[in-house]
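Student: Sharing a structure here in structure tokens format.
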Amino acid sequence: MSQNIQKMIRDILAQEVGSDILFSVERSEIEAHGDYSSNIALVRAKLERKAPLEIAATIATRIKEKHSNIFHSVEAVPPGFLNFYLAPEFLRREILEFLKPAKKKNLGRACVEFISANPTGPLHVGNARSGPIGDVIANLLAWQGYKVTREYYHNDAGAQMGKLSATMWHWYLRACNKKSEFPEDGYPGDHLEIIARTAKKKFGTKLLTDKKGQTKLTEFTFGALEKENFATIKSMGIRFDRVVRESILAKTKTKKVLVELEHKGLLKKREGAIWFSPTEELETVVVKSDGTPIYFANDIAYHKEKFAKNDFVVDVFGENHEAHIPKLYAVADAFGFSRERLKIVVYGHVSLKEGEKVIAMSKRKGNFVTAEEVIKAVGADAFRFFMLEHAPRSSMQFDLKLAKAKSRENPVYYVQYAHARTSGILRKSKAKIDLKKADWSLLETMPEIRLMKQILAFTEAVDETVSDFETQWLTRYAYELARTFTHFYETTHVISEDKKLTASRLALVLLTRNTLQRISKLLGISAPEKM
RNA sequence: GCCCCUGUAGCUCAAUGGAUAGAGCCACGGACUUCUAAGCCGUUGAUGUAGGUUCGAUUCCUACCGGGGGCACCA
């Protein structure tokens with residue numbers, strides 16, 4: 001793994017002026033600002049009552065004297081920024097560091113729960129957004145050194161299953177040519193009607209006379225929906241390691257957990273119901289006055305189990321479950337699981353449009369667009385990239401027209417195209433390349449230097465994303481790397497008469513290719529050899 | 001009504017208190033024709049409104065305006 005340059009500069013600065021104040025060291029976005037920049041002089045100016053530029057100049061001079069092997073130059077610029085320019089020799093050393101295989105860390109176990117849609121209909125684009133997000137978070141945790149379990153929680157218990165059951169029985173009766181009125185609070189959409197017809201084909205009218213007919217129908221429905229949803233999940237390139245069913249949890253774990261909470265004094269009785277009551281504000285019913293536990297009781301049991309098994313726990317929730325978050329943190333407190341080890345990622349609403357037309361995602365007949373349809377139309381790679389390139393918390397619009405008709409303009413293809421080009425060059429040259437023995441010192445042009453720097457930025461890009469799971473940093477990095485390579489490609493012919501230079505450039509192309517593959521793997525998108 | 005999120009270019013989105021607010025799409029203009037034109041170069045264009053804190057605010061605070069979500073003995 002490449003040494004973290006940012007941290008090094010931070011350490012140098014801390015040695016120079018003390019680490020007692022907060023300051024930033026960042027990769028510069030603009031080339032004119034050097035490779036890294038720091039605001040330390042601006043921050044200190046107030047304390048020292050001196051002009052920031054003066055302080056910056058003093059620090060710059062000292063660092064230049066001491067660390068000329070690292071920095072080509074250190075500049076103090078108005079209003080008082082310090083800009084660091086890395087020396088080419090240092091860059092080459094960093095490349096060699098980057099080539100070393102990462103030390104395998106063992107941070108313990110982590111689990112990521114995501115999608116977990118209600119089993120009452122097919123996945124829609126909204127549920128499906130959490131797929132790529134959760135999957136990439138799992139990839140990032142694994143990259144860090146966790147042993148990761150991807151978990152899917154089936155909300156297959158409680159009142160909503162009763163509603164589903166009633167709805168299905170209605171459609172089944174209709175399929176058997178019996179009179180039936182649609183249940184008042186039944187689930188809309190023709191999807192369930194279709195499953196009822198399939199059930200009729202399978203069972204005939206047998207269920208009508210079976211005492212357990214309705215239960216059997218519900219189980220059949222549940223199985224059918226589950227099969228469909230996992231097919232969709234698979235088409236996104238996602239595999240779950242574990243599926244947890246609320247119904248089973250409810251039977252086996254919930255009572256014990258409630259007893260435990262009772263002992264901890266976290267339950268209250270009021271109006272015949274039992275409430276989880278960590279604080280007055282967060283009071284929530286866990287057992288109804290008729291004695292049946294509700295979803296939150298099962299959720300507590302589920303989280304207790306996750307806390308016991310894991311060192312780090314991630315939940316990916318839709319924004320409509322935001323109110324749930326403080327309660328879950330209270331649950332973590334209750335079982336002595338540090339809040340820092342529980343991360344709840346919220347993703348925003350996805351709205352669909354087709355050109356100018358906004359498509360309502362209600363489940364009413366006719367305007368229900370399933371995730372399956374969208375993924376089929378645009379492909380798993382584009383779907384994932386599109387879902388990941390926005391900050392998870394922001395709401396987003398998915399333009400079907402753009403995704404379907406102009407899918408080639410999707411940035412994912414730009415990244416893949418860059419990879420295909422690297423592959424093309426390596427295919428043509430047929431040379432054997434040993435990255436460790438490559439002579440990086442021959443690479444001196446701007447496009448070459450820029451590409452080396454962009455490759456080295458990989459570690460920082462991933463580290464930054466790991467700290468907050470803002471997945472857009474990864475897609476941005478992938479795009480930037482592809483762009484930097486493309487510029488290199490446009491200006492620099494790799495295979496030439498000059499054998500030594502060709503060898504060096506081939507090494508750079510191979511390193512680019514490897515890095516594109518690494519970032520693609522983290523994003524869960526393919527890296528084609530040809531396009 | 002109360003709470004949370006949100007408002008950036010014509011459109012879809014970035015910006016982890018910093019320097020000239022970045023991309024892509026759309027539009028217009030251009031170059032090359034040796035490793036892939038799904039590419040490259042250029043041009044136009046934006047922080048909802050009004051205050052405040054700060055050396056510095058898209059970012060933090062207050063109010064207002066617009067959009068979304070929550071406030072169930074549902075999940």
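Naming works like this for the structure tokens: A, B, ... for the chains as they're shown, residue 1 at the start of each chain, ligands 1 onward in shown order.
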Got a sec: who's within 9 Å of region 331-345 of chain A, counting only C-alpha atoms (C1' of nucleotides), leaving out chain neighbours fewer than 2 positions off, as a ChimeraX atom specification?
Tutor: /A:134,261,264,266,278,300,303-304,307-308,311-318,325-329,347,392-393,468-469
Student: May I have the selected residues written with C-alpha atoms, as a compact mmCIF listing (two decimals), in the first residue's frame?
Tutor:
```
# COMPACT_ATOMS: atom_id res chain seq x y z
CA GLY A 134 -24.80 -1.69 0.44
CA LEU A 261 -34.47 -5.39 28.42
CA LYS A 264 -32.15 -3.58 32.36
CA LEU A 266 -35.62 -0.24 29.71
CA PRO A 278 -34.43 4.43 26.74
CA ILE A 300 -34.08 -5.26 18.66
CA HIS A 303 -29.60 -6.06 16.23
CA LYS A 304 -28.62 -7.68 19.48
CA PHE A 307 -23.85 -6.72 17.80
CA ALA A 308 -22.85 -10.00 19.37
CA ASP A 311 -17.25 -5.72 15.36
CA PHE A 312 -18.84 -3.32 12.92
CA VAL A 313 -22.47 -3.12 11.87
CA VAL A 314 -23.93 -1.22 8.94
CA ASP A 315 -27.62 -0.72 8.16
CA VAL A 316 -28.67 0.82 4.88
CA PHE A 317 -32.05 2.52 5.24
CA GLY A 318 -34.37 4.54 3.06
CA ILE A 325 -32.15 5.66 13.62
CA PRO A 326 -31.92 7.22 17.10
CA LYS A 327 -33.90 4.29 18.43
CA LEU A 328 -31.42 1.82 17.03
CA TYR A 329 -28.56 3.75 18.56
CA TYR A 347 -30.27 6.80 1.02
CA PRO A 392 -26.39 8.29 -1.02
CA ARG A 393 -28.36 10.76 1.08
CA ASP A 468 -18.03 8.01 5.49
CA PHE A 469 -19.32 5.69 2.77
```
Student: Compute the set of chain A residues within 6 Å of chain B, using only C-alpha atoms (C1' of nucleotides), and express it as a PyMOL selection string.
Tutor: chain A and resi 288+320+408+425
Student: Measuring atom to atom with only C-alpha atoms, identify which of A:Ala14, A:Leu481, A:Val350, A:Ala323 is nearest to Glu281 (chain A).
Tutor: A:Ala323
Student: With only C-alpha atoms (C1' of nucleotides) as the counted atoms, please give the residues lying no more than 6 Å from Glu246 (chain A), apart from itself and same-chain residues fewer than 6 positions off, as a list in words.
Tutor: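 Final neighbour list, sorted by chain and number: His154, Asn155, Asp156 and Ala157 of chain A.
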Student: For U49 (chain B), list every protein, DNA or RNA residue within 12 Å, evaluated using only C-alpha atoms (C1' of nucleotides), and leave out those in the same chain fewer than 4 positions away; present the list as a short mmCIF file (atom, residue, chain, number, x, y, z; two decimals) with C-alpha atoms (C1' of nucleotides), in the first residue's frame.
Tutor:
```cif
data_model
loop_
_atom_site.label_atom_id
_atom_site.label_comp_id
_atom_site.auth_asym_id
_atom_site.auth_seq_id
_atom_site.Cartn_x
_atom_site.Cartn_y
_atom_site.Cartn_z
"C1'" G B 7 -32.76 23.71 -2.80
"C1'" A B 63 -35.73 33.95 9.44
"C1'" C B 64 -38.55 33.43 5.07
"C1'" C B 65 -39.90 30.88 0.36
"C1'" G B 66 -40.05 26.11 -2.55
#
```
Student: Find the residues near Ile294 (chain A): any atom within 8 Å, counting only C-alpha atoms (C1' of nucleotides), skip ones fewer than 5 places away on the same chain, and give them as a VMD selection string.
Tutor: chain A and resid 158 285 to 288
Student: Name the residues in contact with region 210-213 of chain A at a cut-off of 12 Å, using only C-alpha atoms (C1' of nucleotides), excluding same-chain residues fewer than 5 positions from it; report them as a VMD selection string.
Tutor: chain A and resid 165 to 166 168 to 169 172 to 173 199 to 200 203 to 205 218 to 220
Student: Residues as selected, C-alpha atoms, written as a compact mmCIF listing (two decimals), in the first residue's frame, can you do that?
Tutor:
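File written: part35.txt
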```txt
# COMPACT_ATOMS: atom_id res chain seq x y z
CA SER A 165 -52.65 -12.80 2.89
CA ALA A 166 -56.08 -11.15 2.66
CA MET A 168 -54.00 -12.84 -2.09
CA TRP A 169 -57.05 -14.73 -0.89
CA TYR A 172 -57.36 -16.43 -5.53
CA LEU A 173 -61.14 -16.44 -5.02
CA ALA A 199 -51.38 -20.41 -7.69
CA LYS A 200 -54.69 -21.38 -9.26
CA PHE A 203 -53.35 -25.84 -6.78
CA GLY A 204 -56.56 -25.68 -8.80
CA THR A 205 -59.46 -24.87 -6.48
CA THR A 218 -49.52 -16.91 1.51
CA GLU A 219 -46.49 -19.17 1.72
CA PHE A 220 -46.69 -19.78 -2.01
```
Student: Could you pull out the strand (DSSP E or B) residues of region 317-449 of chain A, going by DSSP on the backbone, and write them as a list in words?
Tutor: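 Secondary structure check on region 317-449 of chain A, strand (DSSP E or B): Phe317, Gly318, Leu342, Lys343, Ile344, Val345, Val346, Tyr347, Val350, Ser351, Leu352, Lys353, Glu354, Lys357, Val358, Ile359, Thr370, Met396, Gln397, Phe398 and Asp399 of chain A.
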Student: To one decimal place, how far is CA of Phe71 (chain A) from CA of Leu42 (chain A) in Å?
Tutor: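 Computing it gives 21.1 Å between the two atoms.
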Student: What gap, in Å, lies between CA of Pro132 (chain A) and CA of Leu225 (chain A)?
Tutor: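 CA of Leu225 (chain A) lies at a distance of 20.5 Å from CA of Pro132 (chain A).
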Student: Would you pick out the contacts of Tyr36 (chain A) at 6 Å or less, using only C-alpha atoms (C1' of nucleotides), so that residues sharing its chain but fewer than 2 positions from it are not included, and give the list as JSON, numbers by chain?
Tutor: {"A": [26, 27, 28, 34, 83, 84]}
Student: Can you list every residue in region 448-504 of chain A that DSSP puts in helix (DSSP H, G or I), as a ChimeraX atom specification?
Tutor: /A:448-468,472-491,499-504
Student: In Å, rounded to a single decimal, give me how far CA of Leu523 (chain A) is from CA of Ser423 (chain A).
Tutor: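 Interatomic distance here is 19.4 Å.
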